[in-house]
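Asker: Structure below; questions to follow.
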Amino acid sequence: MIAPVPGPGTIQVWSDLLCPFAFVAVHRLRTARERLGLDGQVHLDHHTFALELFNGPHSRPGTDSEAVGLGQVAPELEFRLWTQPDWTYPSTVLLAAEAVHAAKEQGLRESEDLDYALRCAFWQESRSIGHRQVILDVAKEAGSIDVTALAAALDDGRARATVTADHAVATTDAIQGSPHLFLPDGTNIHNPGITVHWEGPYASGYPIAQNTNPTWPDHLLKQAV
């Protein structure tokens, strides 16, 4: 399958909301964009690489161990282990992914803001972002999103087919994993700036991550303009 190509001034981000590597990538892109004065010139267009559709329900031991590993690479993101009751852990975030797509009706920036706010809510505050009311609460707190319009979009499911269409692309070799970034000139990069290996099996072992290129966001943002 042909890899997706975004429009001018846009970086496509294929990821899962519970992927800590994607949280690091999105945070660093947003921070670098502001520092470089490129707000309004480069937008992030979020697409869904739904890990749960490949692996089944999200595993708390897996995300907890990844939070420890990525917390060492990006301490500024304040990764936290899940602190709420086990029964509130979001084993699925498909509705949250749907909300990020639905917010694009209001604009790419609104979709971006919701995506980032949901990631912060999960990784920093242990909020159950798979739940409709939590999604709407987070959207309200983000400040830039019309929550009434978002609720209507969730209730009629208008963005559900988009999540399904993204998964059809994700199952091909066009997308290597979460996160995978695509630029207008055809450049693409999977999990930029970080290499990782596991000590022991996933979820019972732990990841060792290394930041190999902290300057990558500047390069990609300038390339996307």
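Chain lettering (A, B, ...) mirrors the order of the structure tokens, residue numbering begins at 1 for each chain separately, and ligand numbering begins at 1 in order of display.
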Could the residues of stretch 18-74 of chain A that have an atom at most 9 Å from stretch 208-214 of chain A be listed as CSV, each with its closest atom pair and the distance in Å to one decimal, counting only C-alpha atoms and ordered by chain and ascending residue number?
Answerer:
```
residue,atom,partner,partner_atom,distance
A:Arg28,CA,A:Pro214,CA,8.7
A:Glu66,CA,A:Ile208,CA,8.8
A:Gly69,CA,A:Ile208,CA,5.7
A:Leu70,CA,A:Ala209,CA,6.5
A:Gln72,CA,A:Ala209,CA,7.9
A:Val73,CA,A:Asn211,CA,6.2
A:Ala74,CA,A:Asn211,CA,8.6
```
Asker: Restrict the selected residues to N, CA and C atoms and save them as a PDB file, in the first residue's frame.
Answerer:
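Listed below is the output, part12.pdb:
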```pdb
ATOM      1  N   ARG A  28       7.393  16.812  21.980  1.00  0.00           N
ATOM      2  CA  ARG A  28       8.595  17.466  21.463  1.00  0.00           C
ATOM      3  C   ARG A  28       8.302  18.241  20.183  1.00  0.00           C
ATOM      4  N   GLU A  66       6.491   0.889  30.771  1.00  0.00           N
ATOM      5  CA  GLU A  66       6.942   1.847  29.759  1.00  0.00           C
ATOM      6  C   GLU A  66       7.052   3.250  30.340  1.00  0.00           C
ATOM      7  N   GLY A  69      10.431   3.540  31.871  1.00  0.00           N
ATOM      8  CA  GLY A  69      11.487   3.666  30.876  1.00  0.00           C
ATOM      9  C   GLY A  69      11.501   5.010  30.189  1.00  0.00           C
ATOM     10  N   LEU A  70      10.339   5.489  29.770  1.00  0.00           N
ATOM     11  CA  LEU A  70      10.277   6.765  29.049  1.00  0.00           C
ATOM     12  C   LEU A  70      10.441   7.950  29.991  1.00  0.00           C
ATOM     13  N   GLN A  72      12.634   8.229  32.135  1.00  0.00           N
ATOM     14  CA  GLN A  72      14.066   8.511  32.219  1.00  0.00           C
ATOM     15  C   GLN A  72      14.549   9.303  30.999  1.00  0.00           C
ATOM     16  N   VAL A  73      13.897   9.098  29.858  1.00  0.00           N
ATOM     17  CA  VAL A  73      14.287   9.789  28.631  1.00  0.00           C
ATOM     18  C   VAL A  73      13.693  11.194  28.575  1.00  0.00           C
ATOM     19  N   ALA A  74      12.460  11.337  29.040  1.00  0.00           N
ATOM     20  CA  ALA A  74      11.764  12.631  28.965  1.00  0.00           C
ATOM     21  C   ALA A  74      11.172  12.983  30.330  1.00  0.00           C
TER      22      ALA A  74
END
```
Asker: For stretch 159-164 of chain A, find every residue with an atom within 8 Å (counting only C-alpha atoms), except residues of its own chain fewer than 2 positions away, and show them as a count of residues only.
Answerer: 14
Asker: Quick one: DSSP alpha helix (DSSP H) residues in stretch 3-112 of chain A, as a ChimeraX atom specification?
Answerer: /A:20-35,51-55,60-73,94-102,108-112
Asker: With 9 Å as the cut-off and only C-alpha atoms counted, what is the closest atom pair between each nearby residue of stretch 87-186 of chain A and stretch 59-63 of chain A? Distances in Å to one decimal, ordered by chain and number, as a tab-separated table.
Answerer:
```
residue	atom	partner	partner_atom	distance
A:Tyr89	CA	A:Arg60	CA	7.3
A:Pro90	CA	A:Arg60	CA	8.6
A:Ser91	CA	A:Ser59	CA	6.8
```
Asker: With C-alpha atoms retained, could you export that selection as an mmCIF file, in the first residue's frame?
Answerer:
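Dumped to part30.cif:
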```cif
data_model
loop_
_atom_site.group_PDB
_atom_site.id
_atom_site.type_symbol
_atom_site.label_atom_id
_atom_site.label_comp_id
_atom_site.auth_asym_id
_atom_site.auth_seq_id
_atom_site.Cartn_x
_atom_site.Cartn_y
_atom_site.Cartn_z
ATOM 1 C CA TYR A 89 -7.926 1.640 33.912
ATOM 2 C CA PRO A 90 -8.828 2.312 30.224
ATOM 3 C CA SER A 91 -8.356 -1.056 28.539
#
```
Asker: For A:Pro20, work out the shell of residues within 9 Å, counting only C-alpha atoms and skipping chain neighbours fewer than 4 positions away, then give it as JSON, numbers by chain.
Answerer: {"A": [16, 24, 25, 63, 66, 67, 70, 79, 119, 123]}
Asker: Go ahead and save the picked residues with N, CA and C atoms, as a short mmCIF file (atom, residue, chain, number, x, y, z; two decimals), in the first residue's frame.
Answerer:
```
data_model
loop_
_atom_site.label_atom_id
_atom_site.label_comp_id
_atom_site.auth_asym_id
_atom_site.auth_seq_id
_atom_site.Cartn_x
_atom_site.Cartn_y
_atom_site.Cartn_z
N ASP A 16 -0.94 5.60 18.85
CA ASP A 16 -1.95 5.18 19.83
C ASP A 16 -1.87 6.12 21.02
N VAL A 24 5.94 11.29 23.86
CA VAL A 24 7.21 12.01 23.78
C VAL A 24 7.33 12.73 22.44
N ALA A 25 7.02 12.03 21.35
CA ALA A 25 7.15 12.62 20.01
C ALA A 25 6.23 13.82 19.85
N THR A 63 1.96 -0.58 30.29
CA THR A 63 2.09 0.88 30.28
C THR A 63 2.85 1.38 31.50
N GLU A 66 6.49 0.89 30.77
CA GLU A 66 6.94 1.85 29.76
C GLU A 66 7.05 3.25 30.34
N ALA A 67 6.16 3.60 31.27
CA ALA A 67 6.23 4.91 31.91
C ALA A 67 7.55 5.09 32.65
N LEU A 70 10.34 5.49 29.77
CA LEU A 70 10.28 6.76 29.05
C LEU A 70 10.44 7.95 29.99
N PHE A 79 5.88 11.50 33.49
CA PHE A 79 5.19 10.22 33.41
C PHE A 79 4.89 9.71 34.81
N ARG A 119 -3.58 12.65 26.17
CA ARG A 119 -2.33 11.98 26.54
C ARG A 119 -1.87 12.44 27.93
N TRP A 123 -1.29 9.89 31.08
CA TRP A 123 0.07 9.62 31.55
C TRP A 123 0.45 10.39 32.80
#
```
Asker: Which residues in stretch 1-142 of chain A does DSSP call strand (DSSP E or B)? List them as a list in words.
Answerer: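 Matching residues, listed in order: Thr10, Ile11, Gln12, Val13, Trp14, Ser15, His43, Leu44, Asp45, His46, His47 and Thr48 of chain A.
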Asker: Could the residues in this selection be written to a file with N, CA, C and O atoms, as a PDB file, in the first residue's frame?
Answerer:
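Printed below is selection.pdb as written:
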```pdb
ATOM      1  N   THR A  10       1.901  20.272   6.961  1.00  0.00           N
ATOM      2  CA  THR A  10       1.247  19.306   7.843  1.00  0.00           C
ATOM      3  C   THR A  10       2.155  18.107   8.072  1.00  0.00           C
ATOM      4  O   THR A  10       2.789  17.614   7.141  1.00  0.00           O
ATOM      5  N   ILE A  11       2.209  17.657   9.310  1.00  0.00           N
ATOM      6  CA  ILE A  11       2.875  16.405   9.649  1.00  0.00           C
ATOM      7  C   ILE A  11       1.809  15.427  10.121  1.00  0.00           C
ATOM      8  O   ILE A  11       1.083  15.715  11.076  1.00  0.00           O
ATOM      9  N   GLN A  12       1.682  14.312   9.419  1.00  0.00           N
ATOM     10  CA  GLN A  12       0.759  13.266   9.852  1.00  0.00           C
ATOM     11  C   GLN A  12       1.408  12.461  10.963  1.00  0.00           C
ATOM     12  O   GLN A  12       2.561  12.041  10.857  1.00  0.00           O
ATOM     13  N   VAL A  13       0.655  12.246  12.036  1.00  0.00           N
ATOM     14  CA  VAL A  13       1.137  11.467  13.173  1.00  0.00           C
ATOM     15  C   VAL A  13       0.229  10.252  13.345  1.00  0.00           C
ATOM     16  O   VAL A  13      -0.941  10.392  13.704  1.00  0.00           O
ATOM     17  N   TRP A  14       0.758   9.077  13.087  1.00  0.00           N
ATOM     18  CA  TRP A  14       0.028   7.823  13.291  1.00  0.00           C
ATOM     19  C   TRP A  14       0.472   7.256  14.630  1.00  0.00           C
ATOM     20  O   TRP A  14       1.666   7.003  14.846  1.00  0.00           O
ATOM     21  N   SER A  15      -0.483   7.072  15.551  1.00  0.00           N
ATOM     22  CA  SER A  15      -0.087   6.656  16.889  1.00  0.00           C
ATOM     23  C   SER A  15      -1.277   6.128  17.674  1.00  0.00           C
ATOM     24  O   SER A  15      -2.428   6.234  17.251  1.00  0.00           O
ATOM     25  N   HIS A  43       1.033  22.070  11.114  1.00  0.00           N
ATOM     26  CA  HIS A  43      -0.029  21.445  11.892  1.00  0.00           C
ATOM     27  C   HIS A  43       0.229  19.945  12.000  1.00  0.00           C
ATOM     28  O   HIS A  43       0.860  19.341  11.125  1.00  0.00           O
ATOM     29  N   LEU A  44      -0.266  19.361  13.075  1.00  0.00           N
ATOM     30  CA  LEU A  44      -0.194  17.915  13.259  1.00  0.00           C
ATOM     31  C   LEU A  44      -1.561  17.320  12.946  1.00  0.00           C
ATOM     32  O   LEU A  44      -2.574  17.739  13.507  1.00  0.00           O
ATOM     33  N   ASP A  45      -1.570  16.364  12.033  1.00  0.00           N
ATOM     34  CA  ASP A  45      -2.809  15.694  11.626  1.00  0.00           C
ATOM     35  C   ASP A  45      -2.770  14.288  12.210  1.00  0.00           C
ATOM     36  O   ASP A  45      -2.046  13.415  11.739  1.00  0.00           O
ATOM     37  N   HIS A  46      -3.556  14.061  13.273  1.00  0.00           N
ATOM     38  CA  HIS A  46      -3.484  12.801  14.012  1.00  0.00           C
ATOM     39  C   HIS A  46      -4.313  11.704  13.358  1.00  0.00           C
ATOM     40  O   HIS A  46      -5.468  11.911  12.978  1.00  0.00           O
ATOM     41  N   HIS A  47      -3.689  10.539  13.252  1.00  0.00           N
ATOM     42  CA  HIS A  47      -4.351   9.330  12.762  1.00  0.00           C
ATOM     43  C   HIS A  47      -4.130   8.205  13.764  1.00  0.00           C
ATOM     44  O   HIS A  47      -3.186   8.228  14.556  1.00  0.00           O
ATOM     45  N   THR A  48      -5.003   7.209  13.691  1.00  0.00           N
ATOM     46  CA  THR A  48      -5.040   6.179  14.723  1.00  0.00           C
ATOM     47  C   THR A  48      -4.288   4.923  14.319  1.00  0.00           C
ATOM     48  O   THR A  48      -4.621   4.284  13.309  1.00  0.00           O
TER      49      THR A  48
END
```
Asker: Residues at most 8 Å from stretch 110-116 of chain A, counting only C-alpha atoms, excluding those fewer than 2 positions away in the same chain, as JSON, numbers by chain?
Answerer: {"A": [17, 23, 26, 27, 44, 45, 46, 100, 101, 102, 103, 104, 106, 107, 108, 118, 119, 120, 138, 139, 142, 144, 145]}
Asker: Restricting the output to N, CA, C and O atoms, write the selected residues as a compact mmCIF listing (two decimals), in the first residue's frame.
Answerer:
```txt
# COMPACT_ATOMS: atom_id res chain seq x y z
N LEU A 17 -3.01 6.49 21.58
CA LEU A 17 -3.04 7.44 22.69
C LEU A 17 -2.32 6.91 23.93
O LEU A 17 -1.84 7.69 24.75
N PHE A 23 3.65 9.92 22.97
CA PHE A 23 3.52 11.08 23.85
C PHE A 23 4.78 11.93 23.80
O PHE A 23 4.73 13.17 23.68
N VAL A 26 4.97 13.67 20.25
CA VAL A 26 4.00 14.77 20.10
C VAL A 26 4.41 15.96 20.97
O VAL A 26 4.36 17.12 20.52
N HIS A 27 4.80 15.69 22.18
CA HIS A 27 5.23 16.78 23.08
C HIS A 27 6.42 17.53 22.49
O HIS A 27 6.43 18.77 22.49
N LEU A 44 -0.27 19.36 13.07
CA LEU A 44 -0.19 17.91 13.26
C LEU A 44 -1.56 17.32 12.95
O LEU A 44 -2.57 17.74 13.51
N ASP A 45 -1.57 16.36 12.03
CA ASP A 45 -2.81 15.69 11.63
C ASP A 45 -2.77 14.29 12.21
O ASP A 45 -2.05 13.42 11.74
N HIS A 46 -3.56 14.06 13.27
CA HIS A 46 -3.48 12.80 14.01
C HIS A 46 -4.31 11.70 13.36
O HIS A 46 -5.47 11.91 12.98
N VAL A 100 -10.73 12.45 18.81
CA VAL A 100 -9.66 13.23 18.18
C VAL A 100 -9.98 13.46 16.71
O VAL A 100 -9.79 14.55 16.17
N HIS A 101 -10.50 12.43 16.03
CA HIS A 101 -10.92 12.59 14.64
C HIS A 101 -12.12 13.53 14.53
O HIS A 101 -12.17 14.39 13.65
N ALA A 102 -13.08 13.35 15.43
CA ALA A 102 -14.29 14.19 15.37
C ALA A 102 -13.95 15.66 15.57
O ALA A 102 -14.58 16.54 14.97
N ALA A 103 -12.94 15.94 16.39
CA ALA A 103 -12.55 17.33 16.65
C ALA A 103 -11.99 18.01 15.40
O ALA A 103 -11.93 19.25 15.35
N LYS A 104 -11.61 17.24 14.40
CA LYS A 104 -11.09 17.84 13.16
C LYS A 104 -12.16 18.64 12.44
O LYS A 104 -11.84 19.52 11.63
N GLN A 106 -13.74 20.87 13.78
CA GLN A 106 -13.52 22.21 14.31
C GLN A 106 -12.17 22.78 13.87
O GLN A 106 -11.94 23.98 13.98
N GLY A 107 -11.28 21.91 13.41
CA GLY A 107 -9.97 22.35 12.94
C GLY A 107 -8.87 21.41 13.40
O GLY A 107 -9.03 20.70 14.40
N LEU A 108 -7.76 21.41 12.67
CA LEU A 108 -6.64 20.55 13.05
C LEU A 108 -6.08 20.95 14.41
O LEU A 108 -5.65 20.08 15.18
N LEU A 118 -5.59 14.59 26.09
CA LEU A 118 -5.92 13.22 26.47
C LEU A 118 -4.67 12.45 26.89
O LEU A 118 -4.69 11.69 27.86
N ARG A 119 -3.58 12.65 26.17
CA ARG A 119 -2.33 11.98 26.54
C ARG A 119 -1.87 12.44 27.93
O ARG A 119 -1.47 11.63 28.77
N CYS A 120 -1.92 13.75 28.17
CA CYS A 120 -1.53 14.26 29.49
C CYS A 120 -2.43 13.72 30.59
O CYS A 120 -1.96 13.36 31.68
N VAL A 138 -12.03 16.41 29.65
CA VAL A 138 -10.69 16.78 29.20
C VAL A 138 -10.79 17.81 28.07
O VAL A 138 -10.02 18.78 28.03
N ALA A 139 -11.75 17.60 27.16
CA ALA A 139 -11.94 18.55 26.05
C ALA A 139 -12.30 19.94 26.58
O ALA A 139 -11.79 20.96 26.10
N ALA A 142 -9.28 21.63 27.97
CA ALA A 142 -8.31 22.04 26.94
C ALA A 142 -8.55 23.47 26.49
O ALA A 142 -7.63 24.18 26.08
N SER A 144 -9.94 25.01 23.91
CA SER A 144 -10.12 25.46 22.53
C SER A 144 -11.22 24.71 21.79
O SER A 144 -11.47 24.99 20.61
N ILE A 145 -11.88 23.78 22.46
CA ILE A 145 -12.77 22.83 21.78
C ILE A 145 -14.23 23.11 22.13
O ILE A 145 -14.56 23.38 23.29
```
Asker: Provide the atom CA of A:Phe122 to atom CA of A:Val42 distance in Å, to one decimal place.
Answerer: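 So the two atoms, atom CA of A:Phe122 and atom CA of A:Val42, lie 25.6 Å apart.
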